Each structure stands twice: as structure tokens, then as C-alpha cells.
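Asker: Just one file: entry.cif, with mmCIF, C-alpha atoms (C1' of nucleotides).
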data_target
#
loop_
_atom_site.label_atom_id
_atom_site.label_comp_id
_atom_site.auth_asym_id
_atom_site.auth_seq_id
_atom_site.Cartn_x
_atom_site.Cartn_y
_atom_site.Cartn_z
CA MET A 1 188.48 -110.88 146.57
CA ILE A 2 184.71 -111.11 146.48
CA THR A 3 182.97 -108.07 147.93
CA GLN A 4 181.17 -107.82 151.24
CA LYS A 5 178.00 -107.43 149.23
CA MET A 6 178.52 -110.81 147.60
CA LYS A 7 179.13 -112.38 151.00
CA TYR A 8 175.84 -110.90 152.21
CA ALA A 9 174.05 -112.23 149.14
CA LEU A 10 175.42 -115.71 149.77
CA LYS A 11 174.52 -115.62 153.44
CA ALA A 12 171.00 -114.52 152.57
CA LEU A 13 170.68 -117.33 150.05
CA LEU A 14 171.96 -119.83 152.60
CA VAL A 15 169.25 -118.67 154.97
CA LEU A 16 166.57 -118.92 152.30
CA GLY A 17 167.97 -122.21 151.05
CA ASP A 18 167.98 -123.74 154.51
CA GLU A 19 164.42 -122.51 155.00
CA ALA A 20 163.27 -123.99 151.73
CA ALA A 21 164.89 -127.28 152.69
CA LYS A 22 162.52 -127.50 155.63
CA GLY A 23 159.69 -127.74 153.15
CA GLN A 24 157.89 -124.64 154.38
CA PRO A 25 156.93 -122.15 151.68
CA GLU A 26 156.64 -119.35 154.29
CA PRO A 27 158.33 -116.21 153.01
CA LEU A 28 160.99 -114.67 155.23
CA THR A 29 161.02 -110.91 155.74
CA ILE A 30 164.10 -108.83 155.06
CA GLU A 31 164.24 -108.21 158.78
CA GLU A 32 164.34 -111.90 159.53
CA ILE A 33 166.90 -112.67 156.83
CA ALA A 34 169.06 -109.81 158.07
CA ARG A 35 168.85 -111.12 161.60
CA ARG A 36 169.66 -114.70 160.71
CA SER A 37 172.46 -113.87 158.31
CA GLY A 38 173.91 -110.99 160.25
CA THR A 39 173.76 -108.41 157.49
CA PRO A 40 172.71 -104.73 157.70
CA LYS A 41 168.99 -104.67 156.95
CA ARG A 42 168.84 -101.55 154.80
CA PHE A 43 171.77 -102.75 152.70
CA LEU A 44 170.27 -106.19 152.35
CA GLU A 45 167.17 -104.64 150.76
CA HIS A 46 169.17 -103.62 147.71
CA ILE A 47 170.98 -106.90 147.53
CA LEU A 48 167.81 -108.97 147.64
CA LEU A 49 166.37 -106.81 144.88
CA GLU A 50 169.28 -107.67 142.63
CA VAL A 51 169.02 -111.35 143.49
CA ARG A 52 165.34 -111.23 142.74
CA ASN A 53 165.94 -109.52 139.38
CA ALA A 54 168.32 -112.34 138.60
CA GLY A 55 165.37 -114.70 139.00
CA VAL A 56 166.69 -116.64 141.95
CA ILE A 57 164.21 -115.55 144.56
CA ALA A 58 160.74 -114.01 144.51
CA SER A 59 159.40 -111.19 146.63
CA ILE A 60 155.92 -111.03 148.06
CA ARG A 61 154.73 -107.54 148.90
CA GLY A 62 152.25 -106.43 151.49
CA ARG A 63 151.33 -107.62 154.91
CA SER A 64 152.59 -111.18 155.17
CA GLY A 65 155.23 -110.67 152.53
CA GLY A 66 158.87 -111.56 152.30
CA TYR A 67 161.24 -113.51 150.12
CA VAL A 68 161.29 -117.12 148.98
CA MET A 69 163.53 -119.25 146.78
CA ILE A 70 162.00 -119.96 143.39
CA ARG A 71 164.82 -122.05 141.99
CA LYS A 72 166.25 -125.32 143.12
CA PRO A 73 169.58 -124.68 144.84
CA SER A 74 171.18 -127.03 142.34
CA GLU A 75 170.18 -124.58 139.63
CA VAL A 76 171.49 -121.46 141.30
CA SER A 77 174.90 -120.85 139.79
CA ILE A 78 177.46 -119.19 142.04
CA SER A 79 179.28 -117.70 139.07
CA GLU A 80 176.03 -116.22 137.78
CA LEU A 81 175.43 -114.68 141.17
CA LEU A 82 178.96 -113.31 141.23
CA ARG A 83 178.38 -111.64 137.88
CA THR A 84 175.09 -110.18 139.11
CA ILE A 85 176.47 -108.80 142.35
CA ASP A 86 180.14 -108.09 141.74
CA GLY A 87 180.26 -107.73 137.98
CA PRO A 88 182.41 -109.52 135.41
CA ILE A 89 184.55 -112.44 136.55
CA ALA A 90 187.10 -112.22 133.76
CA PRO A 91 190.59 -110.98 134.64
CA LEU A 92 190.51 -108.62 131.65
CA PRO A 93 187.55 -106.76 130.13
CA CYS A 94 188.52 -108.12 126.71
CA LEU A 95 188.05 -111.67 128.02
CA SER A 96 184.55 -111.23 129.37
CA ARG A 97 181.89 -112.62 127.12
CA ARG A 98 178.83 -110.99 128.67
CA ALA A 99 180.56 -107.72 129.48
CA TYR A 100 183.15 -107.57 126.74
CA GLN A 101 185.06 -104.33 126.44
CA ARG A 102 188.09 -103.59 124.34
CA CYS A 103 191.09 -102.41 126.34
CA GLU A 104 191.46 -98.79 125.15
CA ASP A 105 195.22 -99.05 124.92
CA CYS A 106 195.19 -102.26 122.95
CA ALA A 107 195.82 -102.07 119.22
CA ASP A 108 195.87 -105.74 118.34
CA GLU A 109 193.84 -107.94 120.63
CA ALA A 110 194.78 -111.18 118.93
CA ALA A 111 198.46 -110.43 119.42
CA CYS A 112 198.25 -109.32 123.05
CA ARG A 113 200.40 -111.64 125.10
CA ILE A 114 198.80 -110.61 128.35
CA ARG A 115 195.41 -111.50 127.00
CA LYS A 116 196.61 -114.78 125.62
CA VAL A 117 198.05 -116.06 128.86
CA PHE A 118 195.17 -114.91 131.02
CA ALA A 119 192.70 -116.37 128.56
CA GLU A 120 194.00 -119.90 129.08
CA LEU A 121 193.96 -119.48 132.82
CA PHE A 122 190.48 -118.01 132.71
CA TRP A 123 188.92 -120.75 130.62
CA SER A 124 190.12 -123.36 133.06
CA TYR A 125 188.86 -121.30 135.97
CA LEU A 126 185.47 -120.85 134.32
CA VAL A 127 184.99 -124.58 133.99
CA MET A 128 185.44 -124.91 137.72
CA ILE A 129 183.39 -122.00 138.95
CA ASP A 130 180.58 -122.52 136.45
CA SER A 131 179.89 -125.92 137.92
CA LEU A 132 179.48 -124.52 141.41
CA THR A 133 175.92 -124.12 142.70
CA LEU A 134 174.15 -123.00 145.82
CA GLU A 135 173.47 -126.64 146.53
CA ASP A 136 177.18 -127.32 146.87
CA MET A 137 177.26 -124.61 149.45
CA LEU A 138 174.18 -125.77 151.32
CA ARG A 139 175.48 -129.32 151.45
CA SER A 140 178.90 -128.37 152.74
CA GLY A 141 177.28 -127.81 156.14
CA VAL A 142 178.76 -129.35 159.24
CA ALA A 143 177.11 -132.26 161.01
CA ALA A 144 175.79 -130.46 164.11
CA ASP A 145 173.51 -128.00 162.36
CA GLN A 146 173.69 -125.74 159.39
CA LEU A 147 175.92 -122.78 160.02
CA THR A 148 177.10 -119.92 157.89
CA GLY A 149 179.74 -119.11 160.41
CA SER A 150 178.04 -115.81 161.12
CA ALA A 151 178.28 -114.52 164.66
CA GLN A 152 174.55 -113.84 164.93
CA GLU A 153 173.77 -117.51 164.85
CA ALA A 154 175.83 -118.37 167.87
CA MET B 1 189.67 -108.07 137.09
CA ILE B 2 193.33 -107.26 137.35
CA THR B 3 194.06 -103.57 137.75
CA GLN B 4 195.47 -101.22 135.15
CA LYS B 5 198.57 -101.02 137.32
CA MET B 6 199.11 -104.76 136.98
CA LYS B 7 198.68 -104.49 133.23
CA TYR B 8 201.33 -101.79 133.16
CA ALA B 9 203.65 -103.93 135.27
CA LEU B 10 203.24 -106.84 132.88
CA LYS B 11 203.79 -104.67 129.81
CA ALA B 12 206.94 -103.25 131.36
CA LEU B 13 208.21 -106.74 132.15
CA LEU B 14 207.46 -107.86 128.61
CA VAL B 15 209.56 -104.98 127.34
CA LEU B 16 212.41 -105.79 129.72
CA GLY B 17 212.05 -109.50 129.04
CA ASP B 18 212.19 -109.02 125.28
CA GLU B 19 215.23 -106.81 125.71
CA ALA B 20 216.98 -109.36 127.88
CA ALA B 21 216.24 -112.02 125.29
CA LYS B 22 218.36 -110.07 122.81
CA GLY B 23 221.33 -110.75 125.03
CA GLN B 24 222.15 -107.09 125.65
CA PRO B 25 222.61 -106.11 129.28
CA GLU B 26 221.91 -102.44 128.44
CA PRO B 27 219.54 -100.98 131.01
CA LEU B 28 216.39 -99.32 129.70
CA THR B 29 215.30 -95.98 131.14
CA ILE B 30 211.85 -95.44 132.58
CA GLU B 31 211.25 -93.11 129.68
CA GLU B 32 212.09 -95.80 127.16
CA ILE B 33 210.06 -98.47 128.93
CA ALA B 34 207.12 -96.10 129.15
CA ARG B 35 207.39 -95.33 125.45
CA ARG B 36 207.64 -98.95 124.36
CA SER B 37 204.93 -100.22 126.65
CA GLY B 38 202.59 -97.28 126.34
CA THR B 39 202.25 -96.50 130.01
CA PRO B 40 202.25 -93.10 131.74
CA LYS B 41 205.86 -92.41 132.68
CA ARG B 42 205.31 -90.90 136.12
CA PHE B 43 202.99 -93.74 137.10
CA LEU B 44 205.39 -96.33 135.78
CA GLU B 45 208.03 -94.99 138.17
CA HIS B 46 206.06 -96.24 141.14
CA ILE B 47 205.29 -99.54 139.54
CA LEU B 48 208.89 -100.29 138.64
CA LEU B 49 209.89 -99.50 142.20
CA GLU B 50 207.51 -102.14 143.49
CA VAL B 51 208.67 -104.67 140.94
CA ARG B 52 212.25 -103.92 141.90
CA ASN B 53 211.46 -104.37 145.60
CA ALA B 54 210.02 -107.74 144.70
CA GLY B 55 213.45 -108.66 143.38
CA VAL B 56 212.48 -109.16 139.76
CA ILE B 57 214.37 -106.26 138.23
CA ALA B 58 217.29 -104.10 139.31
CA SER B 59 217.68 -100.36 138.99
CA ILE B 60 220.87 -98.56 138.06
CA ARG B 61 221.00 -94.95 139.16
CA GLY B 62 222.90 -92.08 137.68
CA ARG B 63 223.76 -91.06 134.17
CA SER B 64 223.47 -94.17 132.06
CA GLY B 65 221.07 -95.84 134.43
CA GLY B 66 217.82 -97.67 133.95
CA TYR B 67 216.24 -101.01 134.68
CA VAL B 68 217.25 -104.57 133.84
CA MET B 69 215.84 -108.01 134.51
CA ILE B 70 217.76 -109.87 137.19
CA ARG B 71 215.74 -113.05 137.15
CA LYS B 72 215.17 -115.57 134.43
CA PRO B 73 211.68 -115.08 133.01
CA SER B 74 210.99 -118.71 133.86
CA GLU B 75 211.47 -117.79 137.51
CA VAL B 76 209.24 -114.74 137.56
CA SER B 77 205.91 -115.94 138.91
CA ILE B 78 202.85 -114.14 137.62
CA SER B 79 200.92 -114.91 140.79
CA GLU B 80 203.73 -113.45 142.89
CA LEU B 81 203.61 -110.32 140.79
CA LEU B 82 199.85 -110.15 141.17
CA ARG B 83 200.22 -110.30 144.94
CA THR B 84 202.88 -107.58 144.85
CA ILE B 85 200.93 -105.20 142.68
CA ASP B 86 197.26 -105.94 143.27
CA GLY B 87 197.34 -107.56 146.70
CA PRO B 88 195.95 -110.92 147.84
CA ILE B 89 194.62 -113.33 145.23
CA ALA B 90 192.33 -115.27 147.55
CA PRO B 91 188.56 -114.76 147.14
CA LEU B 92 188.20 -114.30 150.91
CA PRO B 93 190.64 -112.74 153.38
CA CYS B 94 190.35 -115.85 155.55
CA LEU B 95 191.68 -117.98 152.68
CA SER B 96 194.81 -115.96 152.01
CA ARG B 97 197.92 -117.51 153.46
CA ARG B 98 200.28 -114.54 153.17
CA ALA B 99 197.67 -111.93 153.99
CA TYR B 100 195.35 -113.91 156.21
CA GLN B 101 192.65 -111.93 157.98
CA ARG B 102 189.70 -113.24 159.92
CA CYS B 103 186.33 -112.08 158.56
CA GLU B 104 185.09 -109.82 161.36
CA ASP B 105 181.57 -111.16 161.15
CA CYS B 106 182.62 -114.79 161.23
CA ALA B 107 182.23 -116.68 164.49
CA ASP B 108 183.27 -120.14 163.38
CA GLU B 109 185.64 -120.23 160.46
CA ALA B 110 185.75 -123.99 160.24
CA ALA B 111 181.99 -124.14 159.91
CA CYS B 112 181.62 -121.34 157.36
CA ARG B 113 180.03 -122.78 154.27
CA ILE B 114 181.04 -119.87 152.10
CA ARG B 115 184.65 -120.34 153.09
CA LYS B 116 184.50 -124.06 152.51
CA VAL B 117 183.22 -123.87 148.97
CA PHE B 118 185.51 -121.05 147.91
CA ALA B 119 188.47 -122.82 149.50
CA GLU B 120 188.14 -125.81 147.18
CA LEU B 121 187.80 -123.57 144.17
CA PHE B 122 190.73 -121.45 145.26
CA TRP B 123 193.15 -124.33 145.82
CA SER B 124 192.53 -125.56 142.31
CA TYR B 125 192.94 -122.06 140.95
CA LEU B 126 196.20 -121.59 142.84
CA VAL B 127 197.71 -124.68 141.29
CA MET B 128 197.08 -123.21 137.87
CA ILE B 129 198.15 -119.62 138.43
CA ASP B 130 201.18 -120.53 140.52
CA SER B 131 202.65 -122.39 137.60
CA LEU B 132 202.41 -119.36 135.34
CA THR B 133 205.61 -117.42 134.69
CA LEU B 134 206.77 -114.46 132.68
CA GLU B 135 208.35 -116.92 130.29
CA ASP B 136 204.95 -118.32 129.38
CA MET B 137 203.93 -114.79 128.51
CA LEU B 138 207.07 -113.98 126.54
CA ARG B 139 206.77 -117.17 124.56
CA SER B 140 203.13 -116.66 123.67
CA GLY B 141 204.27 -114.05 121.16
CA VAL B 142 203.06 -114.14 117.58
CA ALA B 143 205.33 -115.16 114.74
CA ALA B 144 205.90 -111.76 113.09
CA ASP B 145 207.48 -110.00 116.04
CA GLN B 146 206.87 -109.73 119.72
CA LEU B 147 203.89 -107.59 120.50
CA THR B 148 202.10 -106.68 123.68
CA GLY B 149 199.17 -105.44 121.71
CA SER B 150 199.84 -101.92 122.90
CA ALA B 151 199.02 -99.13 120.49
CA GLN B 152 202.36 -97.43 120.93
CA GLU B 153 204.15 -100.25 119.24
CA ALA B 154 202.26 -99.94 116.01
"C1'" DA C 1 230.30 -79.06 137.42
"C1'" DT C 2 226.52 -80.60 135.10
"C1'" DA C 3 223.25 -83.29 132.87
"C1'" DA C 4 220.76 -87.49 133.03
"C1'" DA C 5 218.64 -90.77 135.49
"C1'" DG C 6 216.33 -93.11 139.43
"C1'" DT C 7 213.93 -92.11 144.43
"C1'" DC C 8 210.70 -90.40 147.60
"C1'" DT C 9 206.83 -87.94 149.56
"C1'" DA C 10 202.62 -85.52 148.85
"C1'" DC C 11 198.64 -84.53 146.74
"C1'" DA C 12 194.38 -85.00 144.13
"C1'" DA C 13 190.73 -86.41 140.91
"C1'" DT C 14 187.72 -90.15 140.07
"C1'" DC C 15 185.49 -94.41 140.97
"C1'" DT C 16 183.89 -98.15 143.87
"C1'" DT C 17 182.18 -99.91 148.01
"C1'" DT C 18 179.18 -99.86 151.76
"C1'" DA C 19 176.03 -98.41 153.49
"C1'" DT C 20 171.64 -95.08 155.34
"C1'" DC C 21 167.30 -92.40 154.72
"C1'" DG C 22 162.95 -90.98 153.06
"C1'" DT C 23 159.19 -91.86 150.53
"C1'" DG C 24 156.20 -94.59 147.74
"C1'" DT C 25 153.46 -98.80 146.79
"C1'" DA C 26 151.13 -103.19 147.61
"C1'" DT C 27 148.31 -106.12 150.47
"C1'" DA C 28 146.32 -108.72 154.38
"C1'" DA C 29 143.60 -108.10 158.47
"C1'" DG C 30 140.13 -106.14 161.01
"C1'" DC D 1 138.09 -98.83 154.06
"C1'" DT D 2 141.55 -97.85 157.16
"C1'" DT D 3 145.69 -99.21 158.97
"C1'" DA D 4 149.70 -101.79 159.95
"C1'" DT D 5 153.19 -104.30 157.71
"C1'" DA D 6 156.33 -105.30 154.28
"C1'" DC D 7 158.72 -104.65 149.81
"C1'" DA D 8 160.50 -100.90 146.09
"C1'" DC D 9 163.15 -97.28 144.58
"C1'" DG D 10 165.94 -93.19 144.31
"C1'" DA D 11 169.03 -89.97 146.62
"C1'" DT D 12 172.78 -89.19 149.33
"C1'" DA D 13 177.12 -89.77 151.64
"C1'" DA D 14 181.33 -91.48 154.09
"C1'" DA D 15 185.39 -94.14 153.37
"C1'" DG D 16 188.67 -96.40 150.68
"C1'" DA D 17 190.92 -97.83 146.32
"C1'" DT D 18 192.60 -96.61 141.89
"C1'" DT D 19 195.16 -93.86 138.78
"C1'" DG D 20 197.64 -90.80 138.19
"C1'" DT D 21 200.74 -85.85 138.64
"C1'" DA D 22 204.18 -82.72 140.73
"C1'" DG D 23 208.24 -81.30 143.03
"C1'" DA D 24 212.34 -81.84 145.38
"C1'" DC D 25 216.25 -84.91 146.19
"C1'" DT D 26 220.06 -88.29 145.22
"C1'" DT D 27 223.22 -90.77 142.44
"C1'" DT D 28 226.61 -91.17 138.81
"C1'" DA D 29 228.95 -90.84 134.09
"C1'" DT D 30 231.22 -87.48 131.39
#
Once more with this new file: its structure as C-alpha cells, please.

Answerer:
Amino acid sequence: MITQKMKYALKALLVLGDEAAKGQPEPLTIEEIARRSGTPKRFLEHILLEVRNAGVIASIRGRSGGYVMIRKPSEVSISELLRTIDGPIAPLPCLSRRAYQRCEDCADEAACRIRKVFAELFWSYLVMIDSLTLEDMLRSGVAADQLTGSAQEA
Amino acid sequence: MITQKMKYALKALLVLGDEAAKGQPEPLTIEEIARRSGTPKRFLEHILLEVRNAGVIASIRGRSGGYVMIRKPSEVSISELLRTIDGPIAPLPCLSRRAYQRCEDCADEAACRIRKVFAELFWSYLVMIDSLTLEDMLRSGVAADQLTGSAQEA
DNA sequence: ATAAAGTCTACAATCTTTATCGTGTATAAG
DNA sequence: CTTATACACGATAAAGATTGTAGACTTTAT
């Protein structure tokens, strides 16, 4: 299960992505993003910070500030975002490459049968999720108009 | 990430599976399983109960009691075990078929772009993990002798 | 009987998740 | 140069999940 936080991050990026698609470089305030995406404003603050630190969006401070996309949606990796927001994707700490950790109770990693089986599964999974981008998400919109499914948009 | 509990469940099943492979129907006590798999005995109690309720192993009470496999390893699904021990596998509650739950903040499920993208990913993932069985794990053992990688076996 | 083994219910420490609040800092407008 | 507006950052906290432990009870072979 992805966390609520990750869902909020995705909804926020959908809002910013849709906005960018209109061709207007106007930054959106946290308030506005919260309203459009239906996420708690004060919580969203922290989330947007993390997304910004990941280099996906930029923040503009001061009076007419806000947030804007600074990467093409096709170059925003969903798996990268997942790692940023929810942490490692790997089913076992010893299978994560960016957040590798030895299992404390494991004497011989190479011989671990649990690791071996999950490794195969994980590599295949990685291939799939690594190819997923924000653009895929933006484009999966329904004909009528772009929805996230969030109640606030109704 | 799978939980520690799931790791313990798998280690216990590897122990019971290896034992069954020897052709001896002798039940193993919790104590013995805990020793061989390197899991906390009192915690393992609860785990084995759940695995038993899932119909994978049987318990024998009384003096020379213990636990034995009652299913062929090739018929013990890893994904089923994951659901039993760790709960739903789906990335979103609205994508789980056995534990379906509407996202409270979602007005139109069919239009949700997050759901749509994760659904595709999830179906592909399901195909892979649903085909995984305990037998795959038992057979991925190293030549020398069957190891789980747990320190206690060294 | 009694010892050995599983069963069941409660409890609790620790960590993670999901926020909220207060205060500080930057900046555009007037 | 003051002020309103908006992001930045750290602290705190409630609720739930995870990872166990403890004690009392039941079953059964000897």
C-alpha cells in the first residue's frame, strides 16, 4: 500500500502538471494546490518541500509566490517519487540498492532463499515501475476533463 | 517492504518444508522451529497460528505435538501468505479485490488517474507474485545444504 | 497424575503515519 | 520602508501498526 502522503504528492503533481499543460507559468500557491487536490494544507507544505528537494518542482517565495513544475512530466519518475516520499521500494532491505541494509539476523546473504526468490520478483517489478512517469498519469485522464477523482473537484 | 513477521513466517515454512522433504511426518515443536529459524519463540506462536488458520500447516496438541505441513509446497502460494500475514498486497485499497475499500476522498473511482496507472502496474505484478510458491523458495537452496541465511543455522 | 506441548487473551514498548502549530524568512506592492 | 502575502522549518502530538512478552488454560502421551 502506498501511503496517504504519496497519494497527496501525486494529486499535487497532477494539479501542477495540468496547470503546466495549459502553458501558463503562473505559480500556484499551496492554498490553491490544497484546494484543487483536496489535501490538508499544512500537511501539503511538508510534502511539497520534499518534492521540491527531489528537484521536480520549484518554489517561489514572497508575495506572488507558489510552486511550479520544473521538469517535463515525462521525466518525472513515479518510482523515484515513491522512494522520496514513502522510502525504499524493495521488499527486503537487503535488496534495496539506494537504501541497502543488511538484515541483522542474516548470516549468509547469498544463501538466503527468501532473498533469492524476492530478488527475482523485485527485478521484474522494477522494470515495470521504473518506466512509469507522471506523464503516463496525466495522459490517463478521461475524455470529459482532467480529473483526479478527488471530491473537491466535483 | 515485507514485515519482520512475514520473514519469520517464511523462515518457519522453510524449516517445515525442509523437514517434510525428508519424508518424516514427525511434527516439530514451536521451540524447535524457533531454534532452527532463529525467530523469537513467543512471537512465532502467534505467527504459526495464523499460518495454520490459513490451512497451510496443522497443529498437533498434547505431549508429542507440534506442527507439520499439510499442503504440498507447490500449492502454498507466497502471495496468499503475504495477504494472511501482512494484509492486502494492492498499492491502493480501491484496487484490492479481497479487501476492497473505497478511498474516502475519492468521488469518481473510474476517473481517478492515480488508480488507473497503479491498476495496470498492479495487474502485471499480481501475475508474477501469484505464480510464486513455497516450492520455488525451497528449491532455490544452495548446493551445500539448505540454508535460510539465518544466523542460528551457522 | 503429570509433564510437555499448543491456545488464547492482554498488555506494552517502539516506530510510523498523519497531521497541526508557531515562528521565521523572502519578496512584491504601495 | 512598511506591510501583506507566501514559502520554510522545527516542534509537537494523536492514532495506529509493528514487534514482541507474559500468564493462564487446554490437550494429550506416558

Asker: In Å, with one decimal, what is the gap from CA of Arg139 (chain A) to CA of Arg36 (chain A)?

Answerer: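 CA of Arg139 (chain A) sits 18.3 Å away from CA of Arg36 (chain A).
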
Asker: Could you list the residues chosen by the PyMOL selection byres ((chain A) within 8 of (chain D)) in this structure as a list in words?

Answerer: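 On the file shown, the PyMOL selection byres ((chain A) within 8 of (chain D)) covers Thr29, Ser59, Ile60, Arg61, Gly62, Arg63, Ser64, Gly65 and Gly66 of chain A.
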
Asker: Within 8 Å of region 67-78 of chain B, counting all atoms listed in the file, which residues show up once you throw out same-chain ones fewer than 6 positions away? Write them as a PyMOL selection string, please.

Answerer: chain B and resi 16-17+20+25-30+55-60+129-136

Asker: Quick one: residues within 8 Å of region 79-82 of chain B, only C-alpha atoms (C1' of nucleotides) counted, chain neighbours fewer than 4 positions away excluded, as a PyMOL selection string?

Answerer: chain B and resi 6+51+54+86-89+129-130+132

Asker: Quick one: of B:Ala107, B:Thr84, B:Lys11, B:Arg98, who's nearest to Pro40 (chain B), counting only C-alpha atoms?

Answerer: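 Closest residue, counting only C-alpha atoms: B:Lys11.
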
Asker: Could you check how far CA of Trp123 (chain A) sits from CA of Tyr125 (chain B), in Å to one decimal?

Answerer: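 Result for CA of Trp123 (chain A) versus CA of Tyr125 (chain B): 11.2 Å, one decimal.
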
Asker: Give me, as JSON lines, each residue of chain B that comes within 8 Å of chain A, together with its shortest interatomic pair and the distance in Å at one decimal, counting all atoms listed in the file, with rows ordered by chain and rising residue number.

Answerer:
{"residue": "B:Met1", "atom": "CA", "partner": "A:Pro91", "partner_atom": "CA", "distance": 3.9}
{"residue": "B:Ile2", "atom": "CA", "partner": "A:Pro91", "partner_atom": "CA", "distance": 5.4}
{"residue": "B:Lys7", "atom": "CA", "partner": "A:Ile114", "partner_atom": "CA", "distance": 7.8}
{"residue": "B:Leu10", "atom": "CA", "partner": "A:Ile114", "partner_atom": "CA", "distance": 7.4}
{"residue": "B:Lys11", "atom": "CA", "partner": "A:Ile114", "partner_atom": "CA", "distance": 7.9}
{"residue": "B:Gly38", "atom": "CA", "partner": "A:Asp105", "partner_atom": "CA", "distance": 7.7}
{"residue": "B:Pro88", "atom": "CA", "partner": "A:Met1", "partner_atom": "CA", "distance": 7.6}
{"residue": "B:Ile89", "atom": "CA", "partner": "A:Met1", "partner_atom": "CA", "distance": 6.7}
{"residue": "B:Ala90", "atom": "CA", "partner": "A:Met1", "partner_atom": "CA", "distance": 5.9}
{"residue": "B:Pro91", "atom": "CA", "partner": "A:Met1", "partner_atom": "CA", "distance": 3.9}
{"residue": "B:Leu92", "atom": "CA", "partner": "A:Met1", "partner_atom": "CA", "distance": 5.5}
{"residue": "B:Pro93", "atom": "CA", "partner": "A:Met1", "partner_atom": "CA", "distance": 7.4}
{"residue": "B:Asp105", "atom": "CA", "partner": "A:Ser150", "partner_atom": "CA", "distance": 5.8}
{"residue": "B:Cys106", "atom": "CA", "partner": "A:Ser150", "partner_atom": "CA", "distance": 4.7}
{"residue": "B:Ala107", "atom": "CA", "partner": "A:Ala151", "partner_atom": "CA", "distance": 4.5}
{"residue": "B:Asp108", "atom": "CA", "partner": "A:Gly149", "partner_atom": "CA", "distance": 4.7}
{"residue": "B:Glu109", "atom": "CA", "partner": "A:Gly149", "partner_atom": "CA", "distance": 6.0}
{"residue": "B:Ala110", "atom": "CA", "partner": "A:Gly149", "partner_atom": "CA", "distance": 7.7}
{"residue": "B:Ala111", "atom": "CA", "partner": "A:Gly149", "partner_atom": "CA", "distance": 5.5}
{"residue": "B:Cys112", "atom": "CA", "partner": "A:Gly149", "partner_atom": "CA", "distance": 4.2}
{"residue": "B:Arg113", "atom": "CA", "partner": "A:Thr148", "partner_atom": "CA", "distance": 5.5}
{"residue": "B:Ile114", "atom": "CA", "partner": "A:Met137", "partner_atom": "CA", "distance": 6.6}
{"residue": "B:Lys116", "atom": "CA", "partner": "A:Ser140", "partner_atom": "CA", "distance": 7.1}
{"residue": "B:Val117", "atom": "CA", "partner": "A:Met137", "partner_atom": "CA", "distance": 6.0}
{"residue": "B:Leu121", "atom": "CA", "partner": "A:Met128", "partner_atom": "CA", "distance": 7.0}
{"residue": "B:Tyr125", "atom": "CA", "partner": "A:Tyr125", "partner_atom": "CA", "distance": 6.5}
{"residue": "B:Met128", "atom": "CA", "partner": "A:Leu121", "partner_atom": "CA", "distance": 7.0}
{"residue": "B:Ile129", "atom": "CA", "partner": "A:Leu121", "partner_atom": "CA", "distance": 7.0}
{"residue": "B:Asp136", "atom": "CA", "partner": "A:Val117", "partner_atom": "CA", "distance": 7.3}
{"residue": "B:Met137", "atom": "CA", "partner": "A:Arg113", "partner_atom": "CA", "distance": 5.8}
{"residue": "B:Leu138", "atom": "CA", "partner": "A:Arg113", "partner_atom": "CA", "distance": 7.2}
{"residue": "B:Ser140", "atom": "CA", "partner": "A:Arg113", "partner_atom": "CA", "distance": 5.9}
{"residue": "B:Gly141", "atom": "CA", "partner": "A:Arg113", "partner_atom": "CA", "distance": 6.0}
{"residue": "B:Val142", "atom": "CA", "partner": "A:Ala111", "partner_atom": "CA", "distance": 6.2}
{"residue": "B:Leu147", "atom": "CA", "partner": "A:Ala111", "partner_atom": "CA", "distance": 6.2}
{"residue": "B:Thr148", "atom": "CA", "partner": "A:Cys112", "partner_atom": "CA", "distance": 4.7}
{"residue": "B:Gly149", "atom": "CA", "partner": "A:Cys112", "partner_atom": "CA", "distance": 4.2}
{"residue": "B:Ser150", "atom": "CA", "partner": "A:Cys106", "partner_atom": "CA", "distance": 4.7}
{"residue": "B:Ala151", "atom": "CA", "partner": "A:Ala107", "partner_atom": "CA", "distance": 4.5}
{"residue": "B:Ala154", "atom": "CA", "partner": "A:Ala107", "partner_atom": "CA", "distance": 7.5}

Asker: Can you work out which one of C:DA10, C:DA4, C:DA26, C:DA19 has the shortest atom-to-atom distance to chain B, counting all atoms listed in the file?

Answerer: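 Of all the options, C:DA4 lies closest to chain B.
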
Asker: Could you work out how far CA of Val15 (chain A) lies from CA of Glu32 (chain A), giving the answer in Å with one decimal?

Answerer: 9.5 Å

Asker: Would you give me, as a PyMOL selection string, the residues of chain C that come within 12 Å of chain B, using all atoms listed in the file?

Answerer: chain C and resi 2-9
